[in-house]
Amino acid sequence: MKRILITGGTGFIGANLCHRLIAEGHRVICLDNNYTGTLSNVSDLMEHPNFTFVEHDVIEPWDCEDPLDRIYNLACPASPPFYQGARSIFTTKTCVLGAINMLELAKRKGARILQTSTSEVYGDPIVHPQHEGYRGNVNPIGIRACYDEGKRCAESLFFDYNRHEGVDIRVIRIFNTYGPYMNPEDGRVVSNFICQALRGEDITIYGEGQQTRSFQYIDDLIEGMVRMMENEQGFIGPVNIGNPGEFTIRQLAELVLAKIPTGGKLVFRPLPADDPTQRRPDIALAAEKLNWAPTIVLNEGLDKTIAYFRKAIGLED
């Protein structure tokens, strides 16, 4: 049994990770300010003897009286409606100050710490697919920069703490992920399309829908995260964790409508600023170092996610 801290633990990815680690018999501290997460995502764990919830914002330092073996640093808004605009400074603080506070905690406790970075560090890429050696094409002053550059700075901090402070780090770069515990209102494309279709609304596509994404089911991501955290060969990353299957946004919309034929149609809106035109991971490094590859194809993952959202938005008891 390991003693594990998960920041951002009531969010989409964090809640799935909490459930996985509790099921494996570990002791889990879930730390979150519930800005984008919700306690309902972990309500079934609240009475579990190995689970503890702490309400806290990682922008502020936090200490733990108990020993810690592992820290998963997930805390950060991850969808544009939640990290842009009036919350952009908060987002950068979460990325940067949160990373510093958790790295300092890892140093004090002698814990291994994993940073959940993002494919957004590649920006609007001019290399396709994106491999870990590609340094990206990011607009440092754009409306998405709070997230993109915040995550890039966090990676820099992790590697400097490893080089100069001896902190045992792991860094992954997550590509588009979907599945249960997503917030129906978080503005991500999979949840948007599914919830719009389930409600009988039109499907909103930004631009012409020809921009591409690679969609990874949450169970594959969690498996990659755990393998990266527990690899003992000294591999610290960064490493891409994503599904290399590439689809246009329009293809995704049409697939959702085929699965939920409620009469909605496709409606097109202007493309947001700095929205990447292509996104596909090169996962050769993950295969080599972690013996990891995704196993759940989009068609199967969408069925699981649609079933979750039918209940989440009250269409099924």
# chains A, B, ... in the order shown; residues from 1 in each chain; ligands from 1
$ residues_around --residues "segment 59-74 of chain A" --least-positions-apart "6" --cutoff "9 Å" --atoms "only C-alpha atoms" --output "compact mmCIF listing (two decimals) with C-alpha atoms, in the first residue's frame"
# COMPACT_ATOMS: atom_id res chain seq x y z
CA LYS A 2 1.32 3.43 -0.99
CA ARG A 3 0.34 6.77 0.52
CA ILE A 4 -0.70 8.93 -2.42
CA LEU A 5 -1.72 12.57 -2.82
CA ILE A 6 -3.79 13.57 -5.85
CA THR A 7 -4.22 17.29 -6.49
CA GLY A 8 -7.25 18.10 -8.61
CA GLY A 9 -8.70 14.85 -7.34
CA GLY A 11 -12.03 16.60 -11.40
CA ILE A 13 -9.16 12.71 -14.53
CA GLY A 14 -8.54 12.99 -10.80
CA PHE A 90 -5.71 32.20 -11.79
CA LYS A 93 -0.92 30.75 -10.88
CA THR A 94 -2.35 27.25 -10.57
CA CYS A 95 0.11 25.89 -13.12
CA VAL A 96 3.20 27.67 -11.75
CA LEU A 97 2.64 28.25 -8.03
CA GLY A 98 0.84 24.93 -7.75
CA ALA A 99 3.81 23.15 -9.31
CA ILE A 100 6.24 24.90 -6.95
CA ASN A 101 4.16 24.08 -3.88
CA MET A 102 3.81 20.43 -4.80
CA GLU A 104 8.47 21.57 -2.40
CA LEU A 105 6.15 19.11 -0.68
CA ALA A 106 7.65 16.23 -2.66
CA LYS A 109 8.51 14.14 2.00
CA GLY A 110 10.94 12.35 -0.31
CA ALA A 111 7.96 11.48 -2.53
CA ARG A 112 7.93 10.79 -6.24
CA ILE A 113 5.80 13.35 -8.11
CA LEU A 114 4.12 13.13 -11.50
CA GLN A 115 3.14 16.23 -13.47
CA THR A 116 0.18 15.99 -15.81
CA SER A 117 1.30 18.23 -18.63
CA MET A 225 -0.29 7.49 -15.77
CA MET A 229 4.57 6.83 -12.06
$ closest_atom_pairs --of "segment 165-234 of chain A" --to "segment 145-161 of chain A" --cutoff "10 Å" --atoms "only C-alpha atoms" --output "Markdown table"
| residue | atom | partner | partner_atom | distance |
| --- | --- | --- | --- | --- |
| A:Glu165 | CA | A:Tyr161 | CA | 4.8 |
| A:Gly166 | CA | A:Tyr161 | CA | 6.4 |
| A:Val167 | CA | A:Tyr161 | CA | 5.7 |
| A:Asp168 | CA | A:Tyr161 | CA | 8.5 |
| A:Ile169 | CA | A:Phe158 | CA | 6.7 |
| A:Arg170 | CA | A:Phe158 | CA | 8.3 |
| A:Val171 | CA | A:Glu155 | CA | 7.3 |
| A:Ile172 | CA | A:Glu155 | CA | 9.4 |
| A:Arg173 | CA | A:Lys151 | CA | 9.6 |
$ select_by_dssp --residues "segment 30-257 of chain A" --states "alpha helix (DSSP H)" --output "ChimeraX atom specification"
/A:80-83,88-109,145-165,189-198,218-230,249-257
$ atom_distance --atom1 "atom CA of Asn240 of chain A" --atom2 "atom CA of Ala15 of chain A"
21.0 Å
$ select_by_dssp --residues "segment 81-115 of chain A" --states "strand (DSSP E or B)" --output "VMD selection string"
chain A and resid 112 to 115
$ write_last_selection --atoms "all heavy atoms" --output "mmCIF file, in the first residue's frame"
data_model
loop_
_atom_site.group_PDB
_atom_site.id
_atom_site.type_symbol
_atom_site.label_atom_id
_atom_site.label_comp_id
_atom_site.auth_asym_id
_atom_site.auth_seq_id
_atom_site.Cartn_x
_atom_site.Cartn_y
_atom_site.Cartn_z
ATOM 1 N N ARG A 112 7.880 10.672 -4.786
ATOM 2 C CA ARG A 112 7.927 10.794 -6.243
ATOM 3 C C ARG A 112 6.703 11.589 -6.693
ATOM 4 O O ARG A 112 5.597 11.382 -6.188
ATOM 5 C CB ARG A 112 7.926 9.415 -6.896
ATOM 6 C CG ARG A 112 7.967 9.456 -8.423
ATOM 7 C CD ARG A 112 8.007 8.046 -9.007
ATOM 8 N NE ARG A 112 9.223 7.348 -8.598
ATOM 9 C CZ ARG A 112 9.433 6.045 -8.772
ATOM 10 N NH1 ARG A 112 8.491 5.294 -9.330
ATOM 11 N NH2 ARG A 112 10.564 5.492 -8.381
ATOM 12 N N ILE A 113 6.894 12.490 -7.668
ATOM 13 C CA ILE A 113 5.797 13.349 -8.112
ATOM 14 C C ILE A 113 5.660 13.313 -9.618
ATOM 15 O O ILE A 113 6.657 13.385 -10.349
ATOM 16 C CB ILE A 113 5.998 14.799 -7.598
ATOM 17 C CG1 ILE A 113 4.844 15.709 -8.047
ATOM 18 C CG2 ILE A 113 7.352 15.371 -8.025
ATOM 19 C CD1 ILE A 113 4.843 17.077 -7.369
ATOM 20 N N LEU A 114 4.419 13.177 -10.073
ATOM 21 C CA LEU A 114 4.116 13.135 -11.501
ATOM 22 C C LEU A 114 3.346 14.390 -11.891
ATOM 23 O O LEU A 114 2.346 14.744 -11.254
ATOM 24 C CB LEU A 114 3.299 11.894 -11.836
ATOM 25 C CG LEU A 114 2.913 11.698 -13.312
ATOM 26 C CD1 LEU A 114 2.932 10.206 -13.673
ATOM 27 C CD2 LEU A 114 1.528 12.274 -13.632
ATOM 28 N N GLN A 115 3.812 15.059 -12.922
ATOM 29 C CA GLN A 115 3.145 16.229 -13.470
ATOM 30 C C GLN A 115 2.320 15.835 -14.681
ATOM 31 O O GLN A 115 2.827 15.243 -15.630
ATOM 32 C CB GLN A 115 4.169 17.294 -13.876
ATOM 33 C CG GLN A 115 3.620 18.418 -14.730
ATOM 34 C CD GLN A 115 2.659 19.349 -14.007
ATOM 35 O OE1 GLN A 115 2.403 19.168 -12.814
ATOM 36 N NE2 GLN A 115 2.158 20.336 -14.702
#
$ closest_residue --among "A:Gln233, A:Gln196, A:Thr204, A:Thr36" --to "Tyr83 of chain A" --atoms "only C-alpha atoms"
A:Thr36
